[in-house]
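Trainee: As input, take input19.csv (CSV, C-alpha atoms and all ligand atoms):
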```
chain,number,residue,atom,x,y,z
A,1,MET,CA,-35.1,77.4,-16.3
A,2,GLY,CA,-36.9,75.9,-19.2
A,3,THR,CA,-35.3,73.1,-21.2
A,4,GLY,CA,-37.8,72.5,-24.0
A,5,ARG,CA,-36.2,71.6,-27.3
A,6,MET,CA,-32.7,72.7,-26.3
A,7,GLY,CA,-31.0,69.4,-26.0
A,8,PRO,CA,-29.6,67.5,-28.9
A,9,GLU,CA,-31.6,64.9,-30.7
A,10,LYS,CA,-30.4,63.0,-33.7
A,11,ASP,CA,-33.2,63.9,-36.0
A,12,ARG,CA,-32.7,67.6,-35.5
A,13,ARG,CA,-29.0,67.5,-36.5
A,14,GLN,CA,-28.2,69.8,-39.5
A,15,ASN,CA,-25.7,68.4,-41.9
A,16,GLY,CA,-25.9,71.0,-44.6
A,17,ASP,CA,-22.3,72.2,-44.9
A,18,ARG,CA,-20.4,68.9,-44.2
A,19,GLN,CA,-18.7,68.7,-47.6
A,20,GLU,CA,-17.5,72.3,-47.5
A,21,ARG,CA,-15.9,71.8,-44.1
A,22,ALA,CA,-14.4,68.5,-45.2
A,23,ASP,CA,-12.5,70.4,-47.9
A,24,ARG,CA,-11.4,73.1,-45.5
A,25,MET,CA,-9.9,70.5,-43.1
A,26,LYS,CA,-8.0,68.4,-45.6
A,27,PRO,CA,-4.5,68.0,-44.1
A,28,ARG,CA,-1.9,69.7,-46.1
A,29,THR,CA,1.2,67.6,-45.9
A,30,ALA,CA,4.5,68.1,-47.7
A,31,GLN,CA,5.4,65.0,-49.7
A,32,ASP,CA,8.6,64.2,-47.8
A,33,GLY,CA,6.7,64.4,-44.5
A,34,ALA,CA,3.9,62.2,-45.7
A,35,ARG,CA,4.9,59.0,-44.0
A,36,ARG,CA,5.5,60.6,-40.6
A,37,GLU,CA,2.2,62.3,-41.0
A,38,ARG,CA,0.5,59.1,-41.9
A,39,GLU,CA,1.8,57.5,-38.7
A,40,ARG,CA,0.7,60.4,-36.6
A,41,GLY,CA,-2.7,60.2,-38.3
A,42,ARG,CA,-3.0,56.5,-37.3
A,43,ASP,CA,-2.5,57.4,-33.6
A,44,ARG,CA,-5.0,60.2,-33.9
A,45,GLN,CA,-7.5,57.9,-35.5
A,46,ASP,CA,-7.1,55.5,-32.6
A,47,GLU,CA,-8.0,58.5,-30.3
A,48,ALA,CA,-11.0,59.4,-32.4
A,49,GLY,CA,-12.1,55.8,-32.3
A,50,ALA,CA,-11.8,55.7,-28.6
A,51,GLY,CA,-13.6,59.1,-28.5
A,52,ARG,CA,-16.6,57.5,-30.3
A,53,GLY,CA,-16.7,54.8,-27.6
A,54,GLN,CA,-16.7,57.4,-24.8
A,55,THR,CA,-19.5,59.3,-26.6
A,56,ARG,CA,-21.6,56.1,-26.6
A,57,GLY,CA,-20.9,55.7,-22.8
A,58,GLY,CA,-21.9,59.3,-22.3
A,59,GLN,CA,-25.1,58.9,-24.2
A,60,VAL,CA,-26.3,55.9,-22.2
A,61,ALA,CA,-26.0,58.1,-19.1
A,62,TYR,CA,-27.4,61.2,-20.9
A,63,ASP,CA,-30.5,59.3,-22.1
A,64,THR,CA,-31.4,58.5,-18.5
A,65,GLY,CA,-30.8,62.0,-17.3
A,66,ASP,CA,-27.7,61.0,-15.4
A,67,TYR,CA,-25.6,64.1,-16.0
A,68,TYR,CA,-23.1,63.2,-13.3
A,69,HIS,CA,-21.9,60.3,-15.5
A,70,SER,CA,-22.6,61.8,-18.9
A,71,ILE,CA,-20.3,64.8,-18.2
A,72,ALA,CA,-17.4,62.5,-17.2
A,73,TRP,CA,-17.8,60.3,-20.3
A,74,LEU,CA,-18.4,63.2,-22.7
A,75,GLU,CA,-15.5,65.3,-21.3
A,76,GLU,CA,-13.2,62.3,-22.2
A,77,ALA,CA,-14.8,61.9,-25.6
A,78,VAL,CA,-14.3,65.6,-26.4
A,79,ARG,CA,-10.7,65.4,-25.1
A,80,LEU,CA,-9.9,62.5,-27.4
A,81,PHE,CA,-11.5,64.1,-30.4
A,82,ARG,CA,-9.6,67.3,-29.8
A,83,LEU,CA,-6.4,65.3,-29.7
A,84,SER,CA,-7.2,63.8,-33.1
A,85,TYR,CA,-7.9,67.2,-34.7
A,86,GLY,CA,-6.5,67.5,-38.2
A,87,SER,CA,-6.7,63.8,-39.1
A,88,TRP,CA,-10.4,63.7,-39.2
A,89,ASN,CA,-12.7,61.9,-41.5
A,90,LEU,CA,-16.4,62.9,-41.8
A,91,GLU,CA,-17.4,60.5,-39.1
A,92,ASP,CA,-15.0,61.8,-36.5
A,93,ARG,CA,-16.0,65.4,-37.1
A,94,SER,CA,-19.7,64.7,-36.7
A,95,SER,CA,-18.8,62.6,-33.6
A,96,LEU,CA,-17.0,65.6,-32.0
A,97,GLU,CA,-20.0,67.7,-32.8
A,98,ASP,CA,-22.3,65.1,-31.2
A,99,ALA,CA,-20.1,64.9,-28.1
A,100,LEU,CA,-19.9,68.7,-27.8
A,101,ASP,CA,-23.6,69.0,-28.2
A,102,HIS,CA,-24.5,66.5,-25.5
A,103,LEU,CA,-21.8,67.8,-23.2
A,104,ALA,CA,-23.0,71.4,-23.5
A,105,PHE,CA,-26.5,70.3,-22.7
A,106,SER,CA,-25.4,68.2,-19.8
A,107,TYR,CA,-23.5,71.2,-18.3
A,108,PHE,CA,-26.6,73.3,-18.8
A,109,MET,CA,-28.7,70.8,-16.9
A,110,ALA,CA,-26.1,70.8,-14.2
A,111,GLY,CA,-26.4,74.6,-14.0
A,112,ASN,CA,-23.0,75.3,-15.4
A,113,ILE,CA,-24.0,77.9,-18.0
A,114,SER,CA,-20.6,79.3,-18.8
A,115,HIS,CA,-19.3,75.9,-19.7
A,116,ALA,CA,-22.4,75.1,-21.7
A,117,LEU,CA,-21.8,78.4,-23.6
A,118,SER,CA,-18.2,77.8,-24.5
A,119,LEU,CA,-18.9,74.3,-25.6
A,120,SER,CA,-21.8,75.4,-27.8
A,121,ARG,CA,-19.5,78.1,-29.3
A,122,GLU,CA,-17.0,75.5,-30.1
A,123,PHE,CA,-19.7,73.4,-31.7
A,124,LEU,CA,-20.7,76.4,-33.9
A,125,ARG,CA,-17.2,76.6,-35.2
A,126,TYR,CA,-17.8,73.2,-36.9
A,127,ASP,CA,-21.5,73.7,-37.7
A,128,PRO,CA,-22.2,77.4,-37.8
A,129,ARG,CA,-25.6,77.1,-39.4
A,130,ASN,CA,-27.1,75.0,-36.6
A,131,GLN,CA,-30.0,77.1,-35.5
A,132,ARG,CA,-30.8,75.1,-32.4
A,133,VAL,CA,-27.3,75.5,-31.0
A,134,SER,CA,-27.3,79.2,-32.1
A,135,ARG,CA,-30.5,79.8,-30.1
A,136,ASN,CA,-28.9,78.0,-27.1
A,137,VAL,CA,-25.9,80.3,-27.3
A,138,ALA,CA,-28.2,83.4,-27.3
A,139,LYS,CA,-30.1,81.9,-24.3
A,140,TYR,CA,-27.0,81.0,-22.3
A,141,LYS,CA,-25.5,84.5,-22.9
A,142,LYS,CA,-28.8,86.1,-21.7
A,143,LEU,CA,-28.8,83.8,-18.6
A,144,LEU,CA,-25.3,84.9,-17.7
A,145,GLU,CA,-25.9,88.6,-18.3
A,146,THR,CA,-29.1,88.6,-16.2
A,147,GLY,CA,-27.3,86.5,-13.6
A,148,THR,CA,-30.2,84.0,-13.5
A,149,GLY,CA,-28.0,81.1,-14.6
A,150,THR,CA,-25.1,81.3,-12.3
A,151,GLY,CA,-26.2,78.7,-9.7
A,152,THR,CA,-24.1,75.7,-10.5
A,153,ARG,CA,-25.6,72.8,-8.6
A,154,PRO,CA,-23.2,70.2,-7.2
A,155,LEU,CA,-24.0,67.1,-9.4
A,156,GLN,CA,-25.5,64.2,-7.5
A,157,ARG,CA,-24.5,60.7,-8.4
A,158,PRO,CA,-27.8,58.9,-9.2
A,159,ASN,CA,-28.8,56.9,-6.2
A,160,SER,CA,-31.2,54.2,-5.4
A,161,THR,CA,-31.3,51.2,-3.1
A,162,ARG,CA,-29.7,49.0,-5.7
A,163,LEU,CA,-26.8,51.4,-5.8
A,164,GLN,CA,-26.0,51.3,-2.1
A,165,SER,CA,-23.0,49.2,-2.9
A,166,ARG,CA,-22.0,51.6,-5.6
A,167,ASP,CA,-18.9,53.0,-3.9
A,168,ALA,CA,-17.4,49.6,-3.3
A,169,TYR,CA,-18.3,48.5,-6.8
A,170,GLU,CA,-16.7,51.5,-8.5
A,171,GLU,CA,-13.6,51.3,-6.3
A,172,LEU,CA,-13.1,47.6,-7.1
A,173,CYS,CA,-13.7,48.2,-10.8
A,174,GLN,CA,-11.2,51.0,-10.9
A,175,ARG,CA,-8.4,49.1,-9.4
A,176,PRO,CA,-5.7,49.0,-12.1
A,177,ARG,CA,-5.6,45.3,-12.6
A,178,ALA,CA,-7.5,42.7,-10.6
A,179,GLN,CA,-5.0,40.6,-8.7
A,180,LEU,CA,-5.5,37.1,-7.5
A,181,LEU,CA,-4.2,36.1,-4.1
A,182,HIS,CA,-2.6,32.8,-5.3
A,183,LEU,CA,-4.2,30.9,-2.4
A,184,GLY,CA,-3.2,27.6,-4.0
A,185,CYS,CA,-3.4,25.6,-7.1
A,186,SER,CA,-4.2,21.9,-7.7
A,187,TYR,CA,-5.1,19.4,-10.4
A,188,GLU,CA,-8.6,18.1,-9.7
A,189,THR,CA,-10.3,14.9,-10.9
A,190,ASN,CA,-13.2,15.1,-8.5
A,191,GLY,CA,-13.4,11.3,-8.6
A,192,SER,CA,-14.6,11.5,-12.2
A,193,PRO,CA,-13.1,9.2,-14.8
A,194,PHE,CA,-13.9,11.9,-17.3
A,195,LEU,CA,-11.3,14.2,-15.7
A,196,LEU,CA,-8.6,11.5,-15.2
A,197,LEU,CA,-6.9,12.1,-18.5
A,198,GLN,CA,-7.2,15.8,-18.3
A,199,PRO,CA,-7.6,17.1,-14.7
A,200,ALA,CA,-9.1,20.5,-14.1
A,201,LYS,CA,-6.5,23.2,-13.2
A,202,LYS,CA,-8.0,24.7,-10.1
A,203,GLU,CA,-6.9,28.0,-8.5
A,204,MET,CA,-8.6,28.8,-5.2
A,205,VAL,CA,-9.6,32.5,-5.3
A,206,ARG,CA,-11.4,32.8,-2.0
A,207,THR,CA,-12.7,30.5,0.7
A,208,GLN,CA,-15.5,32.8,1.9
A,209,PRO,CA,-17.4,33.0,-0.3
A,210,HIS,CA,-16.1,29.8,-1.9
A,211,VAL,CA,-14.8,31.0,-5.4
A,212,ALA,CA,-12.5,28.9,-7.6
A,213,LEU,CA,-11.0,29.6,-11.0
A,214,TYR,CA,-10.4,26.7,-13.4
A,215,HIS,CA,-7.8,27.6,-15.9
A,216,ASP,CA,-8.0,26.3,-19.6
A,217,PHE,CA,-11.4,24.9,-18.9
A,218,ILE,CA,-12.2,25.3,-22.6
A,219,THR,CA,-10.1,25.6,-25.8
A,220,ASP,CA,-9.9,28.6,-28.1
A,221,ALA,CA,-11.8,26.6,-30.7
A,222,GLU,CA,-14.6,25.7,-28.3
A,223,ALA,CA,-14.9,29.4,-27.3
A,224,GLU,CA,-15.1,30.4,-30.9
A,225,THR,CA,-17.8,27.8,-31.6
A,226,ILE,CA,-19.9,28.9,-28.7
A,227,LYS,CA,-19.7,32.6,-29.6
A,228,GLY,CA,-20.5,31.7,-33.2
A,229,LEU,CA,-23.6,29.6,-32.2
A,230,ALA,CA,-24.9,32.3,-29.9
A,231,GLY,CA,-24.1,35.3,-32.2
A,232,PRO,CA,-27.3,35.2,-34.4
A,233,TRP,CA,-29.5,34.8,-31.3
A,234,LEU,CA,-28.1,37.6,-29.1
A,235,GLN,CA,-30.6,40.0,-27.7
A,236,ARG,CA,-30.5,42.7,-25.1
A,237,SER,CA,-30.1,41.0,-21.7
A,238,VAL,CA,-32.9,41.1,-19.1
A,239,VAL,CA,-33.1,40.8,-15.4
A,240,ALA,CA,-35.6,39.5,-13.0
A,241,SER,CA,-37.9,42.3,-11.8
A,242,GLY,CA,-40.6,41.1,-9.4
A,243,GLU,CA,-42.4,38.4,-11.2
A,244,LYS,CA,-41.2,39.6,-14.7
A,245,GLN,CA,-38.1,39.8,-16.7
A,246,GLN,CA,-37.1,43.1,-18.1
A,247,LYS,CA,-34.3,45.3,-19.6
A,248,ALA,CA,-32.4,47.3,-17.0
A,249,GLU,CA,-29.8,50.1,-17.2
A,250,TYR,CA,-27.8,48.2,-14.6
A,251,ARG,CA,-27.3,45.2,-17.0
A,252,ILE,CA,-25.9,46.4,-20.4
A,253,SER,CA,-25.1,43.4,-22.5
A,254,LYS,CA,-26.6,41.0,-25.1
A,255,SER,CA,-27.3,37.4,-24.4
A,256,ALA,CA,-28.6,34.2,-25.9
A,257,TRP,CA,-29.4,30.7,-24.5
A,258,LEU,CA,-27.9,27.6,-26.0
A,259,LYS,CA,-29.4,24.1,-25.4
A,260,ASP,CA,-26.9,21.2,-25.2
A,261,THR,CA,-28.6,19.9,-28.3
A,262,ALA,CA,-27.4,22.9,-30.3
A,263,ASP,CA,-23.9,21.4,-31.0
A,264,PRO,CA,-21.6,18.6,-29.8
A,265,VAL,CA,-19.3,21.3,-28.4
A,266,VAL,CA,-22.1,22.5,-26.0
A,267,GLN,CA,-22.8,18.9,-25.0
A,268,ALA,CA,-19.1,18.2,-24.3
A,269,LEU,CA,-19.0,21.4,-22.2
A,270,GLU,CA,-22.0,20.3,-20.2
A,271,ARG,CA,-20.4,17.0,-19.5
A,272,ARG,CA,-17.2,18.7,-18.4
A,273,MET,CA,-19.0,21.0,-16.0
A,274,ALA,CA,-21.0,18.1,-14.5
A,275,ALA,CA,-17.7,16.2,-14.0
A,276,LEU,CA,-16.0,19.2,-12.4
A,277,THR,CA,-18.8,20.0,-10.0
A,278,GLY,CA,-20.1,16.5,-9.3
A,279,LEU,CA,-23.6,18.1,-9.7
A,280,ASP,CA,-26.6,17.0,-11.8
A,281,LEU,CA,-26.9,19.4,-14.7
A,282,ARG,CA,-29.6,17.7,-16.6
A,283,PRO,CA,-32.7,19.8,-17.2
A,284,PRO,CA,-34.5,21.0,-15.0
A,285,TYR,CA,-31.6,20.8,-12.5
A,286,ALA,CA,-29.6,23.4,-14.4
A,287,GLU,CA,-30.5,26.2,-16.9
A,288,HIS,CA,-29.4,26.1,-20.5
A,289,LEU,CA,-26.0,27.8,-21.2
A,290,GLN,CA,-26.4,31.6,-21.3
A,291,VAL,CA,-23.9,33.3,-23.6
A,292,VAL,CA,-23.3,37.0,-22.8
A,293,ASN,CA,-21.6,39.6,-24.9
A,294,TYR,CA,-20.6,43.0,-23.4
A,295,GLY,CA,-19.5,45.8,-25.7
A,296,LEU,CA,-17.6,48.9,-24.7
A,297,GLY,CA,-19.1,50.2,-21.4
A,298,GLY,CA,-21.2,47.0,-21.0
A,299,HIS,CA,-21.5,46.0,-17.4
A,300,TYR,CA,-23.7,44.2,-14.9
A,301,GLU,CA,-24.0,46.1,-11.6
A,302,PRO,CA,-24.0,44.4,-8.2
A,303,HIS,CA,-26.5,41.6,-8.0
A,304,PHE,CA,-27.0,38.1,-6.7
A,305,ASP,CA,-27.4,35.2,-9.1
A,306,HIS,CA,-29.8,33.5,-6.7
A,307,ALA,CA,-33.3,34.6,-6.0
A,308,THR,CA,-33.9,36.6,-2.9
A,309,SER,CA,-37.7,36.3,-3.1
A,310,THR,CA,-39.8,33.2,-3.8
A,311,LYS,CA,-41.8,35.3,-6.3
A,312,SER,CA,-38.8,35.5,-8.6
A,313,PRO,CA,-39.2,34.0,-12.1
A,314,LEU,CA,-36.4,31.7,-11.2
A,315,TYR,CA,-38.8,29.5,-9.4
A,316,ARG,CA,-40.8,28.9,-12.6
A,317,MET,CA,-38.4,25.9,-13.2
A,318,LYS,CA,-39.7,24.4,-9.9
A,319,SER,CA,-36.2,23.1,-9.2
A,320,GLY,CA,-35.5,25.5,-6.4
A,321,ASN,CA,-33.0,28.4,-6.2
A,322,ARG,CA,-29.7,28.7,-8.0
A,323,ILE,CA,-27.3,26.8,-5.8
A,324,ALA,CA,-24.1,27.5,-7.8
A,325,THR,CA,-22.8,29.4,-10.8
A,326,ILE,CA,-20.2,28.5,-13.4
A,327,MET,CA,-19.1,31.4,-15.5
A,328,ILE,CA,-16.7,30.8,-18.4
A,329,TYR,CA,-14.7,33.6,-19.9
A,330,LEU,CA,-15.0,33.1,-23.7
A,331,SER,CA,-12.7,36.1,-24.5
A,332,ALA,CA,-10.0,38.3,-23.1
A,333,VAL,CA,-10.6,42.1,-22.8
A,334,GLU,CA,-8.1,44.9,-23.2
A,335,ALA,CA,-9.2,46.8,-20.1
A,336,GLY,CA,-12.0,46.6,-17.5
A,337,GLY,CA,-14.6,43.8,-17.4
A,338,SER,CA,-13.4,42.0,-14.3
A,339,THR,CA,-15.8,40.2,-12.0
A,340,ALA,CA,-16.1,42.1,-8.7
A,341,PHE,CA,-17.3,40.5,-5.5
A,342,ILE,CA,-18.5,43.6,-3.7
A,343,TYR,CA,-18.9,42.6,0.0
A,344,ALA,CA,-16.0,40.2,-0.2
A,345,ASN,CA,-13.8,43.0,-1.6
A,346,PHE,CA,-12.0,41.3,-4.4
A,347,SER,CA,-12.2,41.0,-8.1
A,348,VAL,CA,-11.3,38.4,-10.7
A,349,PRO,CA,-9.7,39.5,-13.9
A,350,VAL,CA,-11.0,38.2,-17.2
A,351,VAL,CA,-8.9,35.1,-17.9
A,352,LYS,CA,-9.7,33.8,-21.3
A,353,ASN,CA,-10.9,30.2,-21.4
A,354,ALA,CA,-11.1,29.9,-17.6
A,355,ALA,CA,-14.2,29.0,-15.7
A,356,LEU,CA,-15.2,30.7,-12.4
A,357,PHE,CA,-17.2,28.7,-9.9
A,358,TRP,CA,-19.0,29.8,-6.8
A,359,TRP,CA,-21.7,28.5,-4.5
A,360,ASN,CA,-24.6,31.0,-4.3
A,361,LEU,CA,-26.4,29.2,-1.5
A,362,ARG,CA,-25.1,27.9,1.8
A,363,ARG,CA,-25.5,24.3,2.8
A,364,ASN,CA,-28.6,25.2,4.8
A,365,GLY,CA,-30.2,26.6,1.6
A,366,ASN,CA,-30.0,30.2,2.6
A,367,GLY,CA,-28.5,32.7,0.1
A,368,ASP,CA,-24.8,33.5,0.7
A,369,GLY,CA,-24.9,37.3,1.1
A,370,ASP,CA,-21.1,37.4,0.4
A,371,THR,CA,-21.7,36.5,-3.2
A,372,LEU,CA,-23.0,39.9,-4.2
A,373,HIS,CA,-21.0,40.4,-7.4
A,374,ALA,CA,-20.8,42.5,-10.6
A,375,GLY,CA,-19.4,42.5,-14.1
A,376,CYS,CA,-17.3,45.7,-14.2
A,377,PRO,CA,-17.7,48.0,-17.2
A,378,VAL,CA,-15.6,47.0,-20.3
A,379,LEU,CA,-13.2,49.9,-20.9
A,380,ALA,CA,-11.6,48.5,-24.1
A,381,GLY,CA,-12.3,45.4,-26.0
A,382,ASP,CA,-15.2,43.0,-26.3
A,383,LYS,CA,-16.1,40.6,-23.4
A,384,TRP,CA,-17.9,37.3,-23.8
A,385,VAL,CA,-18.9,35.0,-21.0
A,386,ALA,CA,-21.1,31.9,-20.7
A,387,ASN,CA,-23.1,31.2,-17.5
A,388,LYS,CA,-24.3,27.9,-16.2
A,389,TRP,CA,-26.7,28.3,-13.3
A,390,ILE,CA,-27.2,25.1,-11.3
A,391,HIS,CA,-30.3,24.6,-9.2
A,392,GLU,CA,-30.9,23.1,-5.7
A,393,HIS,CA,-33.0,20.2,-6.7
A,394,GLY,CA,-31.2,17.2,-7.9
A,395,GLN,CA,-28.2,18.0,-5.7
A,396,GLU,CA,-29.6,16.7,-2.4
A,397,PHE,CA,-27.1,13.8,-2.3
A,398,ARG,CA,-24.4,15.6,-4.2
A,399,ARG,CA,-24.1,18.5,-1.9
A,400,PRO,CA,-25.8,17.4,1.3
A,401,CYS,CA,-26.7,19.7,4.2
A,402,SER,CA,-24.2,19.9,7.0
A,403,ALA,CA,-24.7,18.7,10.6
A,404,ASP,CA,-24.4,22.3,11.6
A,405,PRO,CA,-27.6,24.2,10.5
A,406,GLN,CA,-25.5,27.5,10.4
A,407,ASP,CA,-23.3,26.2,7.6
B,501,LIG,O1,-19.6,39.3,-16.5
B,501,LIG,C1,-19.3,39.1,-15.4
B,501,LIG,O2,-18.1,39.2,-15.0
B,501,LIG,C2,-20.4,38.7,-14.4
B,501,LIG,C3,-21.6,38.3,-15.0
B,501,LIG,C4,-22.7,37.9,-14.1
B,501,LIG,O3,-22.5,38.1,-12.9
B,501,LIG,C5,-23.9,37.4,-14.6
B,501,LIG,O4,-24.1,37.3,-15.8
B,501,LIG,O5,-24.8,37.0,-13.7
B,502,FE,FE,-24.1,37.2,-11.8
```
Would you mind giving the structure from this file in structure tokens?
Ligand SMILES: O=C(O)CCC(=O)C(=O)O
Ligand SMILES: [Fe+2]
Mentor:
Amino acid sequence: MGTGRMGPEKDRRQNGDRQERADRMKPRTAQDGARRERERGRDRQDEAGAGRGQTRGGQVAYDTGDYYHSIAWLEEAVRLFRLSYGSWNLEDRSSLEDALDHLAFSYFMAGNISHALSLSREFLRYDPRNQRVSRNVAKYKKLLETGTGTGTRPLQRPNSTRLQSRDAYEELCQRPRAQLLHLGCSYETNGSPFLLLQPAKKEMVRTQPHVALYHDFITDAEAETIKGLAGPWLQRSVVASGEKQQKAEYRISKSAWLKDTADPVVQALERRMAALTGLDLRPPYAEHLQVVNYGLGGHYEPHFDHATSTKSPLYRMKSGNRIATIMIYLSAVEAGGSTAFIYANFSVPVVKNAALFWWNLRRNGNGDGDTLHAGCPVLAGDKWVANKWIHEHGQEFRRPCSADPQD
């Protein structure tokens, strides 16, 4: 079936009769019920707000032709908007239309014409003059009458080699709340005078791979300073792809690099990280601090922090591979956003102000395959982290090889 010019595009939206409908939908509330109505309205506005977030999630999938995920997101968006019916402002109503429009087209692409038809009809109740959707309704009716559009195809989840770990990733991210095992806690000074007065509060998360969480590693004020310094420089995050760096759908966030000269707070943080790990973090032995901001639906699908090929741009620094990662949670999140270790089958919840540490390489210099990890999608809230990637060179005497070449 042909799909030319049927799907929604922003510039083709028709807004002609918005004001007329705004008047028709003004809530009529008796004066004595006004307060109760206002309260109910607030709940509904929350739903509408959430609906707008789900629509954005749906559109990310829609734009890449991933109807498997766009349908799930947009169904939820439409459900939330329907719940908020009656307390709409202009933005909510146009957002419902947007979600209906994209959902109808997603169902059409999935071969479910009757669903596409009923959603398009619902759309026309709000925007009866939209000619594109009217034409789609006529087309869907015809397809159903002639029986040419009845072949619903089971939707395939998009697949590719990088998604082979997808089942485990989704399962880990959908666990209600990431739980830590409470393997053991200790105060650590790591032989550093710097930590004597304020030892690091270490919680062992796993021993293989070696992952530790350091609670209260930074203060609220430091986290705010770092977010504030990075804010103006944030840009869509990139990933290593062959010899280049590029944007990828599997990493949705914004990020910025901060040198330690940017602010005394960054400098103090670098000193603390060096004391904690006992590693040399002076350039070029470690990268600058990377500050990352994930919005709703932002995520980083399973990946290794270390290079798995010598052609990787990581080697441009000529200081070897990334031996270890320190990741600091600069914010809390309301839901989602945990850090999932896929093969090791556990995830770490976002703990504000804590730093997560793990070795990416084994002592023999080989990558530790058990460190495959991901930043789960943020379901509600705004997630900020700061990454410090430490390289092999400079650490030869700080983390020496073991006598056993297999270690
Ligand atoms: O955000 C997270 O939880 C993980 C981030 C991450 O793995 C990365 O930035 O390399
Ligand atoms: Fe990572």
Trainee: Quick one: contact table of stretch 181-278 of chain A to stretch 355-360 of chain A, 8 Å max, nearest atom pair and distance in Å to one decimal per residue, counting all atoms listed in the file, chain and number order, as JSON lines?
Mentor:
```
{"residue": "A:Pro209", "atom": "CA", "partner": "A:Trp358", "partner_atom": "CA", "distance": 7.4}
{"residue": "A:His210", "atom": "CA", "partner": "A:Trp358", "partner_atom": "CA", "distance": 5.7}
{"residue": "A:Val211", "atom": "CA", "partner": "A:Trp358", "partner_atom": "CA", "distance": 4.6}
{"residue": "A:Ala212", "atom": "CA", "partner": "A:Phe357", "partner_atom": "CA", "distance": 5.2}
{"residue": "A:Leu213", "atom": "CA", "partner": "A:Leu356", "partner_atom": "CA", "distance": 4.6}
{"residue": "A:Tyr214", "atom": "CA", "partner": "A:Ala355", "partner_atom": "CA", "distance": 5.0}
{"residue": "A:His215", "atom": "CA", "partner": "A:Ala355", "partner_atom": "CA", "distance": 6.6}
{"residue": "A:Asp216", "atom": "CA", "partner": "A:Ala355", "partner_atom": "CA", "distance": 7.8}
{"residue": "A:Phe217", "atom": "CA", "partner": "A:Ala355", "partner_atom": "CA", "distance": 5.9}
```
Trainee: Could you please extract the residues within 10 Å of ligand LIG 501 (chain B), counting only C-alpha atoms and all ligand atoms, and hand them back as a ChimeraX atom specification?
Mentor: /A:237,239,251,253,255,290-294,298-306,325-329,336-341,347-350,356,371-378,383-389
Trainee: Up to 12 Å from (-13.9, 14.4, -19.7) in the file's coordinates: name the residues, counting only C-alpha atoms, as a PyMOL selection string.
Mentor: chain A and resi 188-200+217-218+267-276
Trainee: Contacts of A:Asp263 at 12 Å or less, counting all atoms listed in the file, minus same-chain residues fewer than 2 places along, as a list in words?
Mentor: Glu222, Thr225, Ile226, Gly228, Leu229, Ala230, Leu258, Lys259, Asp260, Thr261, Val265, Val266, Gln267, Ala268, Leu269, Glu270 and Leu289 of chain A
Trainee: Just checking: using only C-alpha atoms, which residue out of A:Glu243, A:Asp92, A:Glu97, A:Glu392 ends up closest to A:Pro128?
Mentor: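 Distance minimum relative to A:Pro128 lands on A:Glu97.
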Trainee: Give me the residues near stretch 53-65 of chain A as a PyMOL selection string, where near means some atom within 7 Å (using only C-alpha atoms) and where sequence neighbours in that chain fewer than 3 positions away do not count.
Mentor: chain A and resi 49-50+69-70+73-74+76-77+99+296-297
Trainee: Taking all atoms listed in the file into account, which of A:Ala262, A:Ala110, A:Val137, A:Ile342 comes nearest ligand FE 502 (chain B)?
Mentor: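 The answer is A:Ile342, which sits nearest to ligand FE 502 (chain B).
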Trainee: Could you check which of A:Phe346, A:Phe123, A:Tyr68, A:Tyr187 is closest to A:Cys173, using all atoms listed in the file?
Mentor: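 Among the listed residues, the smallest separation from A:Cys173 belongs to A:Phe346.
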Trainee: Restore N, CA and C atoms in stretch 385-393 of chain A and list the result as a PDB file, in the frame of the given file.
Mentor:
```
ATOM      1  N   VAL A 385     -18.906  35.999 -21.993  1.00  0.00           N
ATOM      2  CA  VAL A 385     -18.900  35.000 -21.000  1.00  0.00           C
ATOM      3  C   VAL A 385     -20.034  33.974 -21.236  1.00  0.00           C
ATOM      4  N   ALA A 386     -19.947  32.805 -20.615  1.00  0.00           N
ATOM      5  CA  ALA A 386     -21.100  31.900 -20.700  1.00  0.00           C
ATOM      6  C   ALA A 386     -21.406  31.469 -19.242  1.00  0.00           C
ATOM      7  N   ASN A 387     -22.673  31.571 -18.884  1.00  0.00           N
ATOM      8  CA  ASN A 387     -23.100  31.200 -17.500  1.00  0.00           C
ATOM      9  C   ASN A 387     -23.853  29.915 -17.509  1.00  0.00           C
ATOM     10  N   LYS A 388     -23.538  29.130 -16.488  1.00  0.00           N
ATOM     11  CA  LYS A 388     -24.300  27.900 -16.200  1.00  0.00           C
ATOM     12  C   LYS A 388     -24.857  28.052 -14.811  1.00  0.00           C
ATOM     13  N   TRP A 389     -26.150  28.141 -14.669  1.00  0.00           N
ATOM     14  CA  TRP A 389     -26.700  28.300 -13.300  1.00  0.00           C
ATOM     15  C   TRP A 389     -27.317  26.930 -12.923  1.00  0.00           C
ATOM     16  N   ILE A 390     -26.863  26.451 -11.774  1.00  0.00           N
ATOM     17  CA  ILE A 390     -27.200  25.100 -11.300  1.00  0.00           C
ATOM     18  C   ILE A 390     -28.228  25.292 -10.134  1.00  0.00           C
ATOM     19  N   HIS A 391     -29.280  24.494 -10.167  1.00  0.00           N
ATOM     20  CA  HIS A 391     -30.300  24.600  -9.200  1.00  0.00           C
ATOM     21  C   HIS A 391     -30.196  23.641  -8.020  1.00  0.00           C
ATOM     22  N   GLU A 392     -30.960  23.924  -6.942  1.00  0.00           N
ATOM     23  CA  GLU A 392     -30.900  23.100  -5.700  1.00  0.00           C
ATOM     24  C   GLU A 392     -31.301  21.678  -5.898  1.00  0.00           C
ATOM     25  N   HIS A 393     -32.477  21.551  -6.571  1.00  0.00           N
ATOM     26  CA  HIS A 393     -33.000  20.200  -6.700  1.00  0.00           C
ATOM     27  C   HIS A 393     -32.107  19.322  -7.529  1.00  0.00           C
TER      28      HIS A 393
END
```
